[in-house]
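Text of my_file.cif (mmCIF, C-alpha atoms and all ligand atoms) as supplied:
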data_target
#
loop_
_atom_site.label_atom_id
_atom_site.label_comp_id
_atom_site.auth_asym_id
_atom_site.auth_seq_id
_atom_site.Cartn_x
_atom_site.Cartn_y
_atom_site.Cartn_z
CA MET I 1 1.28 53.42 24.56
CA THR I 2 2.57 50.98 22.02
CA SER I 3 5.05 52.32 19.58
CA LEU I 4 4.66 50.86 16.14
CA LYS I 5 6.76 51.28 13.07
CA LYS I 6 4.60 52.22 10.13
CA GLN I 7 6.43 49.79 7.95
CA ILE I 8 5.96 46.33 9.35
CA PHE I 9 7.70 43.19 8.39
CA ALA I 10 5.57 40.13 9.04
CA SER I 11 6.99 37.20 7.07
CA VAL I 12 9.49 35.97 9.66
CA VAL I 13 8.71 32.31 9.00
CA PRO I 14 8.45 31.16 5.37
CA PRO I 15 4.83 30.53 4.27
CA TRP I 16 4.97 26.78 4.88
CA LEU I 17 1.28 26.31 4.15
CA TRP I 18 1.80 27.58 0.61
CA PHE I 19 4.91 25.45 0.33
CA TRP I 20 2.92 22.41 1.49
CA LEU I 21 0.02 23.24 -0.86
CA ILE I 22 2.31 23.41 -3.89
CA ILE I 23 3.99 20.08 -3.02
CA TYR I 24 0.56 18.57 -2.37
CA LEU I 25 -0.73 19.65 -5.79
CA ILE I 26 2.42 18.47 -7.57
CA SER I 27 2.27 15.04 -5.93
CA LEU I 28 -1.50 14.65 -6.46
CA PRO I 29 -1.24 12.68 -9.76
CA THR I 30 1.22 10.21 -8.16
CA ASN I 31 -1.00 9.91 -5.09
CA PHE I 32 -4.02 9.23 -7.28
CA SER I 33 -2.28 6.37 -9.06
CA ASN I 34 -1.11 5.01 -5.67
CA TRP I 35 -4.67 5.09 -4.34
CA ILE I 36 -5.95 3.21 -7.37
CA ARG I 37 -3.19 0.61 -6.99
CA ARG I 38 -3.94 0.19 -3.26
CA PHE I 39 -7.64 -0.07 -4.00
CA MET I 40 -7.01 -2.92 -6.45
CA ASP I 41 -4.67 -4.59 -3.91
CA ILE I 42 -7.37 -4.60 -1.24
CA PHE I 43 -9.81 -6.27 -3.62
CA THR I 44 -7.41 -9.08 -4.42
CA TYR I 45 -5.85 -9.43 -0.93
CA GLN I 46 -7.15 -12.20 1.34
CA ASN I 47 -6.92 -11.37 5.03
CA PRO I 48 -4.99 -14.33 6.50
CA SER I 49 -6.36 -13.79 10.01
CA SER I 50 -9.90 -14.74 8.89
CA ASP I 51 -8.60 -18.20 7.92
CA ILE I 52 -6.93 -18.69 11.30
CA THR I 53 -9.97 -17.91 13.40
CA GLY I 54 -12.74 -18.67 10.98
CA SER I 55 -14.58 -15.72 12.45
CA PRO I 56 -16.68 -13.34 10.40
CA PHE I 57 -15.51 -10.57 12.80
CA TYR I 58 -12.21 -10.39 11.04
CA ALA I 59 -13.75 -10.30 7.62
CA LEU I 60 -15.93 -7.40 8.75
CA LEU I 61 -12.92 -5.58 10.08
CA GLY I 62 -11.50 -5.86 6.58
CA ILE I 63 -13.66 -2.86 5.73
CA THR I 64 -11.22 -0.72 7.72
CA ASP I 65 -8.83 -1.14 4.78
CA PHE I 66 -11.02 1.32 2.91
CA PHE I 67 -10.65 3.93 5.65
CA GLU I 68 -7.19 4.76 4.42
CA PHE I 69 -8.79 6.44 1.40
CA ILE I 70 -11.33 8.45 3.36
CA PHE I 71 -8.93 10.89 5.02
CA PRO I 72 -6.87 11.73 1.94
CA ILE I 73 -10.17 12.32 0.11
CA THR I 74 -11.42 14.54 2.98
CA LEU I 75 -8.22 16.57 2.79
CA LEU I 76 -8.64 16.79 -0.98
CA ILE I 77 -12.17 18.19 -0.52
CA GLY I 78 -10.78 20.83 1.86
CA THR I 79 -8.09 21.74 -0.65
CA VAL I 80 -10.54 21.93 -3.57
CA SER I 81 -12.70 24.31 -1.51
CA LEU I 82 -9.78 26.77 -1.58
CA LEU I 83 -10.46 27.23 -5.29
CA PHE I 84 -13.77 28.96 -4.47
CA PRO I 85 -12.86 31.72 -1.99
CA ASN I 86 -15.82 33.79 -3.15
CA GLN I 87 -18.37 31.18 -1.98
CA THR I 88 -16.59 30.66 1.33
CA ALA I 89 -16.54 34.42 1.96
CA LYS I 90 -20.25 34.87 1.17
CA LYS I 91 -21.16 32.06 3.55
CA TYR I 92 -18.93 33.44 6.31
CA GLU I 93 -20.16 37.03 5.93
CA LYS I 94 -23.78 35.90 6.06
CA GLN I 95 -23.10 33.73 9.12
CA GLN I 96 -21.29 36.52 11.00
CA ASN I 97 -23.41 39.40 9.64
CA LEU I 98 -20.35 41.19 8.25
CA LYS I 99 -20.85 44.46 6.39
CA VAL I 100 -19.03 47.68 5.61
CA ARG I 101 -19.99 49.77 8.62
CA ALA I 102 -18.61 53.00 10.02
CA ILE I 103 -18.44 51.87 13.63
CA GLN I 104 -14.99 52.79 14.89
CA PRO I 105 -13.22 54.68 12.06
CA GLU I 106 -9.95 54.75 14.05
CA ILE I 107 -9.68 50.98 13.63
CA ILE I 108 -9.99 51.33 9.85
CA LYS I 109 -7.44 54.13 9.88
CA PHE I 110 -5.02 52.04 11.93
CA LEU I 111 -5.38 49.04 9.59
CA HIS I 112 -5.03 51.08 6.39
CA LYS I 113 -1.89 52.72 7.69
CA TYR I 114 -0.16 49.31 7.54
CA ALA I 115 -2.22 47.58 4.87
CA PRO I 116 -3.90 50.05 2.51
CA ARG I 117 -5.43 47.29 0.36
CA ILE I 118 -7.20 45.37 3.12
CA HIS I 119 -11.02 45.50 3.22
CA VAL I 120 -12.61 46.11 6.60
CA ARG I 121 -15.97 44.61 7.59
CA PHE I 122 -17.76 45.03 10.90
CA SER I 123 -20.07 42.57 12.58
CA LEU I 124 -22.78 43.46 15.06
CA LYS I 125 -22.67 39.94 16.44
CA SER I 126 -21.43 39.76 19.97
CA ASN I 127 -19.42 36.59 20.36
CA LYS I 128 -16.00 35.67 21.66
CA ASN I 129 -14.35 36.71 18.37
CA LEU I 130 -12.22 39.83 18.20
CA ALA I 131 -10.94 40.05 14.63
CA ASN I 132 -10.24 37.58 11.81
CA VAL I 133 -8.78 37.90 8.35
CA TYR I 134 -10.53 36.06 5.53
CA THR I 135 -10.31 35.90 1.75
CA LEU I 136 -12.98 37.76 -0.20
CA ASP I 137 -11.82 36.55 -3.58
CA TYR I 138 -8.58 35.90 -5.42
CA GLY I 139 -6.15 38.58 -4.27
CA LYS I 140 -8.77 40.29 -2.09
CA VAL I 141 -8.51 39.97 1.66
CA ALA I 142 -10.82 41.39 4.32
CA ILE I 143 -10.63 41.68 8.07
CA ALA I 144 -13.70 41.03 10.18
CA ILE I 145 -14.02 43.27 13.23
CA PHE I 146 -16.37 42.07 15.96
CA VAL I 147 -18.13 43.91 18.78
CA GLU I 148 -15.60 42.65 21.35
CA MET I 149 -12.80 44.21 19.32
CA VAL I 150 -14.51 47.61 19.33
CA LYS I 151 -14.95 47.33 23.11
CA LEU I 152 -11.28 46.36 23.50
CA TRP I 153 -10.22 49.30 21.34
CA GLN I 154 -12.10 51.68 23.64
CA LYS I 155 -10.82 50.02 26.81
CA ASP I 156 -7.24 48.94 26.05
CA GLN I 157 -5.90 50.31 22.79
CA PRO I 158 -2.38 48.78 22.90
CA THR I 159 -3.80 45.25 23.23
CA ALA I 160 -6.38 45.98 20.53
CA LYS I 161 -3.57 47.13 18.25
CA ALA I 162 -1.52 44.04 19.06
CA THR I 163 -4.51 41.86 18.14
CA LEU I 164 -4.94 43.67 14.83
CA LEU I 165 -1.22 43.38 14.21
CA HIS I 166 -1.44 39.61 14.71
CA GLU I 167 -4.18 39.50 12.07
CA LEU I 168 -2.14 41.75 9.78
CA GLY I 169 0.70 39.28 10.30
CA HIS I 170 -1.54 36.57 8.82
CA TYR I 171 -2.54 38.87 5.97
CA LEU I 172 1.01 39.94 5.10
CA SER I 173 2.19 36.33 5.05
CA GLY I 174 -0.56 35.07 2.75
CA ASP I 175 -2.29 32.87 5.36
CA ALA I 176 -5.77 34.29 4.74
CA PHE I 177 -6.20 32.36 1.50
CA ILE I 178 -5.60 28.97 3.13
CA ILE I 179 -6.63 29.31 6.77
CA GLY I 180 -8.63 32.54 6.82
CA ALA I 181 -11.87 32.57 8.82
CA GLY I 182 -14.54 30.29 7.35
CA SER I 183 -11.94 28.16 5.54
CA GLU I 184 -13.27 24.64 4.99
CA PHE I 185 -9.67 23.49 4.76
CA ARG I 186 -8.94 24.72 8.26
CA LYS I 187 -12.17 23.18 9.59
CA ILE I 188 -11.27 19.78 8.15
CA VAL I 189 -7.71 19.84 9.48
CA SER I 190 -8.94 21.10 12.91
CA ASN I 191 -11.53 18.37 13.26
CA TRP I 192 -9.35 15.43 12.27
CA PHE I 193 -9.96 13.64 15.57
CA TYR I 194 -13.74 13.89 15.28
CA LEU I 195 -13.50 12.64 11.71
CA TYR I 196 -11.51 9.70 13.02
CA LEU I 197 -14.13 8.95 15.69
CA LEU I 198 -17.01 9.24 13.24
CA ILE I 199 -15.49 7.38 10.33
CA VAL I 200 -13.30 4.78 12.05
CA PHE I 201 -13.93 4.34 15.75
CA ILE I 202 -17.74 4.27 15.87
CA PRO I 203 -18.18 1.90 12.87
CA ILE I 204 -15.68 -0.57 14.37
CA VAL I 205 -17.47 -0.49 17.75
CA ILE I 206 -20.85 -0.96 16.03
CA VAL I 207 -19.53 -3.97 14.13
CA TYR I 208 -18.34 -5.52 17.39
CA LEU I 209 -21.60 -4.83 19.25
CA SER I 210 -23.75 -6.18 16.43
CA GLN I 211 -21.67 -9.37 16.45
CA THR I 212 -22.22 -9.76 20.19
CA VAL I 213 -25.99 -9.32 19.76
CA THR I 214 -26.06 -11.91 16.95
CA PHE I 215 -24.12 -14.31 19.14
CA PHE I 216 -26.64 -14.06 21.99
CA GLN I 217 -29.53 -14.46 19.55
CA GLU I 218 -27.96 -17.68 18.26
CA ILE I 219 -27.64 -19.00 21.82
CA THR I 220 -31.25 -18.30 22.74
CA GLN I 221 -32.52 -19.74 19.48
CA ALA I 222 -30.58 -22.93 20.03
CA GLY I 223 -32.35 -23.31 23.40
CA ILE I 224 -29.12 -23.34 25.41
CA GLY I 225 -30.56 -20.84 27.86
CA ILE I 226 -29.07 -17.62 29.06
CA LEU I 227 -26.84 -18.98 31.88
CA PRO I 228 -25.00 -21.63 29.85
CA GLY I 229 -24.97 -19.01 27.12
CA VAL I 230 -23.14 -16.60 29.40
CA THR I 231 -20.57 -19.22 30.50
CA HIS I 232 -20.13 -20.16 26.87
CA LYS I 233 -19.67 -16.48 26.05
CA ILE I 234 -17.03 -16.10 28.77
CA SER I 235 -15.08 -19.08 27.45
CA GLN I 236 -15.42 -17.65 23.97
CA ILE I 237 -13.97 -14.34 25.19
CA PHE I 238 -10.76 -16.21 25.96
CA ILE I 239 -10.72 -18.34 22.83
CA ARG I 240 -11.91 -15.85 20.25
CA GLY I 241 -12.36 -12.61 22.12
CA ILE I 242 -8.78 -11.88 23.14
CA PRO I 243 -7.26 -12.30 19.68
CA PHE I 244 -10.25 -10.36 18.38
CA PHE I 245 -9.53 -7.51 20.78
CA VAL I 246 -5.88 -7.48 19.83
CA VAL I 247 -6.84 -7.19 16.17
CA LEU I 248 -9.47 -4.56 17.02
CA LEU I 249 -7.02 -2.40 19.00
CA GLY I 250 -4.34 -2.89 16.38
CA GLN I 251 -6.73 -1.77 13.65
CA MET I 252 -7.85 1.27 15.63
CA LEU I 253 -4.28 2.32 16.37
CA MET I 254 -3.23 1.80 12.76
CA GLN I 255 -6.14 3.89 11.53
CA LEU I 256 -5.30 6.60 14.08
CA LEU I 257 -1.70 6.71 12.84
CA LEU I 258 -2.89 6.82 9.22
CA THR I 259 -5.20 9.72 10.08
CA ILE I 260 -2.46 11.72 11.83
CA ASN I 261 -0.15 10.89 8.93
CA VAL I 262 -2.53 12.65 6.54
CA PHE I 263 -3.01 15.76 8.67
CA ILE I 264 0.23 16.35 10.59
CA ILE I 265 2.12 18.36 7.97
CA PRO I 266 -0.66 20.90 7.18
CA LEU I 267 -1.37 21.03 10.92
CA ILE I 268 2.20 22.04 11.74
CA GLY I 269 1.97 24.49 8.81
CA ILE I 270 -0.98 26.13 10.61
CA TRP I 271 1.01 26.26 13.86
CA CYS I 272 3.87 27.98 12.06
CA ALA I 273 1.45 30.53 10.60
CA GLU I 274 0.22 31.33 14.14
CA PHE I 275 3.75 31.59 15.53
CA ASN I 276 4.65 33.84 12.62
CA ALA I 277 1.71 36.18 13.32
CA ASP I 278 2.81 36.33 16.98
CA GLN I 279 6.33 37.23 15.83
CA ALA I 280 4.84 40.09 13.80
CA VAL I 281 3.49 41.52 17.05
CA ALA I 282 6.63 40.81 19.09
CA ARG I 283 8.97 42.30 16.51
CA ASN I 284 6.84 45.27 15.42
CA ALA I 285 5.14 46.29 18.67
CA SER I 286 6.79 44.61 21.64
CA PRO I 287 7.07 41.12 23.15
CA ALA I 288 5.05 42.38 26.11
CA GLU I 289 2.14 43.26 23.84
CA ALA I 290 2.38 39.86 22.18
CA LEU I 291 2.25 38.16 25.59
CA LYS I 292 -0.86 40.10 26.60
CA LEU I 293 -2.45 39.18 23.31
CA ILE I 294 -1.72 35.45 23.63
CA HIS I 295 -3.20 35.43 27.14
CA LEU I 296 -6.25 37.18 25.79
CA LEU I 297 -6.71 34.90 22.77
CA SER I 298 -6.06 31.51 24.29
CA GLU I 299 -8.77 30.57 26.70
CA LYS I 300 -8.02 28.23 29.54
CA ILE I 301 -8.82 24.74 28.34
CA SER I 302 -7.69 21.35 29.55
CA TRP I 303 -4.98 19.68 27.52
CA THR I 304 -7.29 16.78 26.64
CA LYS I 305 -9.82 19.18 25.16
CA TRP I 306 -7.01 20.93 23.35
CA LEU I 307 -5.80 17.58 21.99
CA LEU I 308 -9.27 16.69 20.74
CA SER I 309 -10.50 19.85 19.14
CA ARG I 310 -8.06 22.73 19.36
CA LEU I 311 -4.99 21.13 17.93
CA THR I 312 -4.84 23.73 15.16
CA HIS I 313 -4.23 26.30 17.88
CA PRO I 314 -0.63 25.78 18.92
CA PRO I 315 -0.01 25.16 22.62
CA LYS I 316 -0.17 28.40 24.57
CA ARG I 317 3.07 27.73 26.44
CA LEU I 318 4.98 27.29 23.21
CA ARG I 319 3.50 30.54 21.85
CA LEU I 320 4.46 32.40 25.02
CA TRP I 321 7.94 30.91 25.03
CA LEU I 322 8.61 31.84 21.40
CA VAL I 323 7.47 35.40 22.02
CA THR I 324 9.47 35.91 25.22
CA GLN I 325 12.54 34.42 23.55
CA SER I 326 12.09 36.33 20.29
CA HIS I 327 15.34 38.25 20.92
CA ASN I 328 17.33 34.99 21.18
CA TRP I 329 18.72 33.58 17.95
CA TRP I 330 18.04 29.95 18.87
CA SER I 331 14.32 30.50 19.35
CA LEU I 332 14.08 31.65 15.72
CA PHE I 333 16.39 28.81 14.70
CA LEU I 334 14.08 26.24 16.34
CA LEU I 335 10.99 27.94 14.93
CA LEU I 336 12.41 27.69 11.42
CA LEU I 337 13.14 24.00 11.91
CA LEU I 338 9.67 23.17 13.23
CA PHE I 339 8.08 22.55 9.84
CA PRO I 340 10.84 20.34 8.39
CA GLY I 341 10.96 18.57 11.79
CA ALA I 342 7.33 17.49 11.38
CA TYR I 343 8.48 15.13 8.63
CA ILE I 344 10.68 13.31 11.16
CA VAL I 345 7.75 12.91 13.57
CA ARG I 346 5.76 11.55 10.65
CA LEU I 347 8.56 9.10 9.84
CA PHE I 348 8.49 7.69 13.39
CA MET I 349 4.72 7.32 13.22
CA MET I 350 5.00 5.51 9.91
CA ILE I 351 7.56 3.13 11.38
CA VAL I 352 5.20 2.32 14.29
CA TYR I 353 2.37 1.86 11.79
CA GLY I 354 4.54 -0.36 9.62
CA ILE I 355 5.58 -2.55 12.58
CA ILE I 356 1.95 -3.09 13.69
CA ALA I 357 0.84 -3.74 10.10
CA SER I 358 3.70 -6.19 9.56
CA PHE I 359 2.83 -8.08 12.74
CA MET I 360 -0.78 -8.35 11.71
CA ARG I 361 0.09 -9.52 8.23
CA GLY I 362 3.02 -11.62 9.39
CA ASN I 363 5.18 -10.04 6.72
CA PHE I 364 7.99 -7.54 7.30
CA GLU I 365 9.19 -7.10 3.74
CA ALA I 366 6.90 -4.19 2.92
CA LEU I 367 8.07 -2.19 5.98
CA HIS I 368 11.65 -1.77 4.81
CA GLU I 369 10.54 -0.74 1.33
CA ALA I 370 7.97 1.74 2.72
CA ILE I 371 10.59 3.45 4.92
CA ILE I 372 13.06 3.76 2.03
CA ASN I 373 10.34 5.23 -0.21
CA TYR I 374 9.31 7.68 2.48
CA LEU I 375 12.91 8.76 3.07
CA LYS I 376 13.31 9.38 -0.67
CA ASN I 377 10.23 11.63 -0.65
CA VAL I 378 11.34 13.51 2.49
CA THR I 379 14.79 14.06 0.99
CA LEU I 380 13.18 15.73 -2.01
CA VAL I 381 10.91 17.92 0.16
CA TRP I 382 13.83 18.86 2.43
CA ILE I 383 16.00 19.93 -0.50
CA PHE I 384 13.35 22.52 -1.41
CA THR I 385 12.88 23.40 2.29
CA ALA I 386 16.62 24.14 2.60
CA ILE I 387 16.52 26.26 -0.58
CA LEU I 388 13.50 28.24 0.65
CA LEU I 389 15.13 28.86 4.06
CA ALA I 390 18.37 30.00 2.42
CA ILE I 391 16.68 32.48 0.06
CA TRP I 392 13.98 33.66 2.48
CA PRO I 393 15.90 36.70 3.88
CA ALA I 394 16.27 37.94 0.29
CA VAL I 395 12.83 37.11 -1.14
CA SER I 396 10.48 37.57 1.84
CA GLN I 397 10.03 41.31 1.20
CA TYR I 398 8.86 40.59 -2.37
CA TRP I 399 6.39 37.98 -1.09
CA GLN I 400 4.97 40.56 1.31
CA TYR I 401 4.96 43.25 -1.37
CA TYR I 402 3.10 40.95 -3.76
CA LEU I 403 0.44 40.27 -1.13
CA SER I 404 -0.07 43.73 0.29
CA GLY I 405 1.63 46.25 -1.95
CA ILE I 406 3.73 47.44 0.99
CA LYS I 407 7.49 47.59 0.71
CA SER I 408 9.30 46.50 3.82
CA SER I 409 12.84 45.72 4.76
CA PRO I 410 13.45 42.59 6.79
CA ASN I 411 16.07 42.62 9.48
CA GLN I 412 19.25 41.66 7.62
CA ASP I 413 21.13 41.08 10.89
CA ILE I 414 19.30 37.82 11.42
CA SER I 415 19.84 36.40 7.91
CA TRP I 416 22.54 34.06 9.22
CA ILE I 417 19.96 32.22 11.34
CA TYR I 418 18.12 31.35 8.11
CA TYR I 419 21.36 30.15 6.51
CA LEU I 420 22.14 28.08 9.59
CA SER I 421 18.72 26.41 9.54
CA ALA I 422 19.05 25.81 5.78
CA ALA I 423 22.45 24.18 6.42
CA THR I 424 20.93 22.02 9.18
CA VAL I 425 18.19 20.78 6.86
CA ALA I 426 20.76 20.18 4.11
CA THR I 427 22.83 18.08 6.56
CA GLY I 428 19.66 16.11 7.28
CA VAL I 429 19.31 15.49 3.54
CA LEU I 430 22.86 14.13 3.37
CA ILE I 431 22.26 11.84 6.37
CA MET I 432 19.04 10.50 4.83
CA ARG I 433 20.78 9.97 1.48
CA SER I 434 23.46 7.86 3.15
CA LEU I 435 20.74 5.89 4.98
CA ILE I 436 18.96 5.20 1.69
CA GLY I 437 22.28 4.22 0.13
CA ASN I 438 22.99 1.70 2.87
CA GLY I 439 19.42 0.43 2.95
ZN ZN A 1 -3.86 33.79 14.38
#
Please express the file's structure as structure tokens.
Amino acid sequence: MTSLKKQIFASVVPPWLWFWLIIYLISLPTNFSNWIRRFMDIFTYQNPSSDITGSPFYALLGITDFFEFIFPITLLIGTVSLLFPNQTAKKYEKQQNLKVRAIQPEIIKFLHKYAPRIHVRFSLKSNKNLANVYTLDYGKVAIAIFVEMVKLWQKDQPTAKATLLHELGHYLSGDAFIIGAGSEFRKIVSNWFYLYLLIVFIPIVIVYLSQTVTFFQEITQAGIGILPGVTHKISQIFIRGIPFFVVLLGQMLMQLLLTINVFIIPLIGIWCAEFNADQAVARNASPAEALKLIHLLSEKISWTKWLLSRLTHPPKRLRLWLVTQSHNWWSLFLLLLLFPGAYIVRLFMMIVYGIIASFMRGNFEALHEAIINYLKNVTLVWIFTAILLAIWPAVSQYWQYYLSGIKSSPNQDISWIYYLSAATVATGVLIMRSLIGNG
């Protein structure tokens, strides 16, 4: 039987998604003006490669320049949808047939013991879902309980409780508003790769195929015949095709990097929210319960499938590792540094992007300037990250109280790990400052 403290503390990791959202909203006006400036640039910019080859292919590929606006706009749509939690909730409840039902009153009792303000809705739908928190309206959060959860409660109560505790972890950390069930924001961030395929990859392939068809039509119309046409085509592959392919691959890779660049920070924010909810189980029930829960929740899928569609679910191994190591200080230290670390990954991706772009444009001046500008922005974000990490042991209980009305006392013995991670980020700021100074 799992022993649970009545008073649970769930905000181990700072609410990075909220942190990200606030920075995103603050920088929106600047981003808007940047988009407009870039848009004007594209209109006036002549692609030099089209002069070299004289091929309309390259001109057509120029349309990919406009793709860089599509993903930020998609993310903006997802963010705007957060302003209407009421609509999202209605849609989700209708879809999942969620209602106030008196199915297993013990579940409601268990939940209200830890979170008296949470609304409980039951679904009669039998699907793979167990339980999910979602936002009903501003300041109103509900938990959806599915048939499988009721079955689990009757069969294996400790695991059922651990699952509910994971969901309560999301609730007590304020995740429900941003990534609660039915969230359009979460759907958009989760499906970034499919968006890339649909918006970038497929159009580029269609452009190429249509050009090939036109080419063969020209040959037959000119009466050259198919066979000389084919030999001509093969020679053309070497003369025009290879540079074309290089440009095509370069464009696709650049667009892929731009896409990841838009989504990586909120994506890592979602990972941190999941890790945090796991920590709520490990620290309030037991690591063993958390392990059972992770095995139960993460189905066996191949890593390629995970990469394509389940990237918002953090890798199972990492979840298991963080839970088994939850008693070690360095696992928390690394967990706290995960979100600020995502900015470094993003920096490396931007450098790769910049190098490819510079090669294609034959101009390296913009790369240096872009890196310096990015470093300046990261420095600013990291200063606030360090501050949040340093004050988190003191303010986290108020954050949780504000969300749930439950007072809780975080473990003060581990405060130094937060200070250490804040100091690490602050050192990173100093290093970046000196880099900017020298650059
Ligand atoms: Zn979760």
Practice item. Would you mind listing what lies within 8 Å of region 335-344 of chain I as a ChimeraX atom specification, with all atoms listed in the file counted and same-chain residues fewer than 6 positions away left out? Key: /I:13,16,264-265,268-269,272,322,378,382,385,389,418,421,425
Check your understanding: What lies within 6 Å of region 154-171 of chain I using all atoms listed in the file, ignoring chain neighbours under 4 positions off, as a ChimeraX atom specification?
Key -> /I:2,10,175-176,277-278,280-281
**Study point:** Nearest to Lys91 (chain I) by atom-to-atom distance, counting only C-alpha atoms, from I:Asn377, I:Ser27, I:Thr135, I:Gln255
**Key:**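 Of I:Asn377, I:Ser27, I:Thr135, I:Gln255, the one nearest Lys91 (chain I), counting only C-alpha atoms, is I:Thr135.
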Practice item. State, in Å with one decimal place, the distance from CA of Phe84 (chain I) to CA of Ile178 (chain I). Key: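 Atom-to-atom, CA of Phe84 (chain I) to CA of Ile178 (chain I), that is 11.2 Å.
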Review point. So which one's closest to ligand ZN 1 (chain A), I:Gly250, I:Asn129, I:Asp137, I:Thr427? Using all atoms listed in the file, please.
Key: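 Among I:Gly250, I:Asn129, I:Asp137, I:Thr427, it is I:Asn129 that comes nearest to ligand ZN 1 (chain A).
Among I:Asn261, I:Trp271, I:Gly428, I:Leu297, the residue with the shortest atom-to-atom distance to Asn132 (chain I), counting all atoms listed in the file, is I:Leu297.
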Revision key, fill the gap. For Ala390 (chain I), the closest of I:Ile351, I:Phe122, I:Tyr194, I:Pro14 counting all atoms listed in the file is I:Pro14
**Study point:** Residues near region 180-192 of chain I, cut-off 10 Å, all atoms listed in the file, skip fewer than 6 positions along chain, as an MDAnalysis selection string
**Key:** chainID I and resid 71 74:82 85 88:93 95:96 131:136 141:144 167 170:171 174 198 256 259:260 262:264 266:267 270 308:313
Exercise for review: Show which residues sit within 12 Å of Gln104 (chain I), as a ChimeraX atom specification. Count all atoms listed in the file, and ignore same-chain residues fewer than 5 positions away.
Suggested key: /I:109-111,120-123,145-147,149-154
Review point. What is the distance, in Å and to one decimal place, between CA of Val230 (chain I) and CA of Gln211 (chain I)?
Key: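 Separation between CA of Val230 (chain I) and CA of Gln211 (chain I): 14.9 Å.
Closest approach to Trp18 (chain I) among I:Leu388, I:Leu253, I:Ala115, I:Ile242: I:Leu388, based on all atoms listed in the file.
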Point to revise | Top pick for closest residue to ligand ZN 1 (chain A), considering I:Ser173, I:Gln400, I:Thr324, I:Asn411 and counting only C-alpha atoms and all ligand atoms | key: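 The shortest atom-to-atom distance to ligand ZN 1 (chain A) comes from I:Ser173.
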Check your understanding: At what distance in Å, to one decimal, does CA of Asp413 (chain I) lie from CA of Ala290 (chain I)?
Key ->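 Pair CA of Ala290 (chain I) / CA of Asp413 (chain I) returns 21.9 Å.
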Taking the structure in the block just given, could you write region 141-154 of chain I with N, CA and C atoms, as a PDB file, in the first residue's frame?
ATOM      1  N   VAL I 141      -9.864  24.168 -13.055  1.00  0.00           N
ATOM      2  CA  VAL I 141      -9.237  22.996 -13.674  1.00  0.00           C
ATOM      3  C   VAL I 141     -10.045  21.742 -13.340  1.00  0.00           C
ATOM      4  N   ALA I 142     -10.157  20.852 -14.325  1.00  0.00           N
ATOM      5  CA  ALA I 142     -10.869  19.591 -14.101  1.00  0.00           C
ATOM      6  C   ALA I 142      -9.928  18.434 -14.393  1.00  0.00           C
ATOM      7  N   ILE I 143     -10.301  17.275 -13.871  1.00  0.00           N
ATOM      8  CA  ILE I 143      -9.564  16.062 -14.224  1.00  0.00           C
ATOM      9  C   ILE I 143     -10.546  15.078 -14.850  1.00  0.00           C
ATOM     10  N   ALA I 144     -10.152  14.560 -16.001  1.00  0.00           N
ATOM     11  CA  ALA I 144     -10.989  13.591 -16.711  1.00  0.00           C
ATOM     12  C   ALA I 144     -10.581  12.195 -16.280  1.00  0.00           C
ATOM     13  N   ILE I 145     -11.555  11.418 -15.827  1.00  0.00           N
ATOM     14  CA  ILE I 145     -11.278  10.039 -15.415  1.00  0.00           C
ATOM     15  C   ILE I 145     -11.934   9.104 -16.435  1.00  0.00           C
ATOM     16  N   PHE I 146     -11.131   8.222 -17.002  1.00  0.00           N
ATOM     17  CA  PHE I 146     -11.644   7.314 -18.031  1.00  0.00           C
ATOM     18  C   PHE I 146     -11.897   5.912 -17.469  1.00  0.00           C
ATOM     19  N   VAL I 147     -12.587   5.108 -18.261  1.00  0.00           N
ATOM     20  CA  VAL I 147     -12.975   3.759 -17.835  1.00  0.00           C
ATOM     21  C   VAL I 147     -11.756   2.940 -17.375  1.00  0.00           C
ATOM     22  N   GLU I 148     -10.662   3.050 -18.134  1.00  0.00           N
ATOM     23  CA  GLU I 148      -9.449   2.300 -17.795  1.00  0.00           C
ATOM     24  C   GLU I 148      -8.925   2.646 -16.404  1.00  0.00           C
ATOM     25  N   MET I 149      -9.107   3.912 -16.030  1.00  0.00           N
ATOM     26  CA  MET I 149      -8.655   4.367 -14.713  1.00  0.00           C
ATOM     27  C   MET I 149      -9.486   3.696 -13.613  1.00  0.00           C
ATOM     28  N   VAL I 150     -10.788   3.635 -13.837  1.00  0.00           N
ATOM     29  CA  VAL I 150     -11.675   2.995 -12.851  1.00  0.00           C
ATOM     30  C   VAL I 150     -11.288   1.522 -12.689  1.00  0.00           C
ATOM     31  N   LYS I 151     -11.008   0.868 -13.830  1.00  0.00           N
ATOM     32  CA  LYS I 151     -10.586  -0.543 -13.792  1.00  0.00           C
ATOM     33  C   LYS I 151      -9.278  -0.682 -13.019  1.00  0.00           C
ATOM     34  N   LEU I 152      -8.334   0.244 -13.295  1.00  0.00           N
ATOM     35  CA  LEU I 152      -7.033   0.203 -12.621  1.00  0.00           C
ATOM     36  C   LEU I 152      -7.199   0.413 -11.117  1.00  0.00           C
ATOM     37  N   TRP I 153      -8.085   1.314 -10.758  1.00  0.00           N
ATOM     38  CA  TRP I 153      -8.347   1.598  -9.339  1.00  0.00           C
ATOM     39  C   TRP I 153      -8.814   0.336  -8.619  1.00  0.00           C
ATOM     40  N   GLN I 154      -9.679  -0.429  -9.316  1.00  0.00           N
ATOM     41  CA  GLN I 154     -10.217  -1.644  -8.695  1.00  0.00           C
ATOM     42  C   GLN I 154      -9.186  -2.769  -8.638  1.00  0.00           C
TER      43      GLN I 154
END
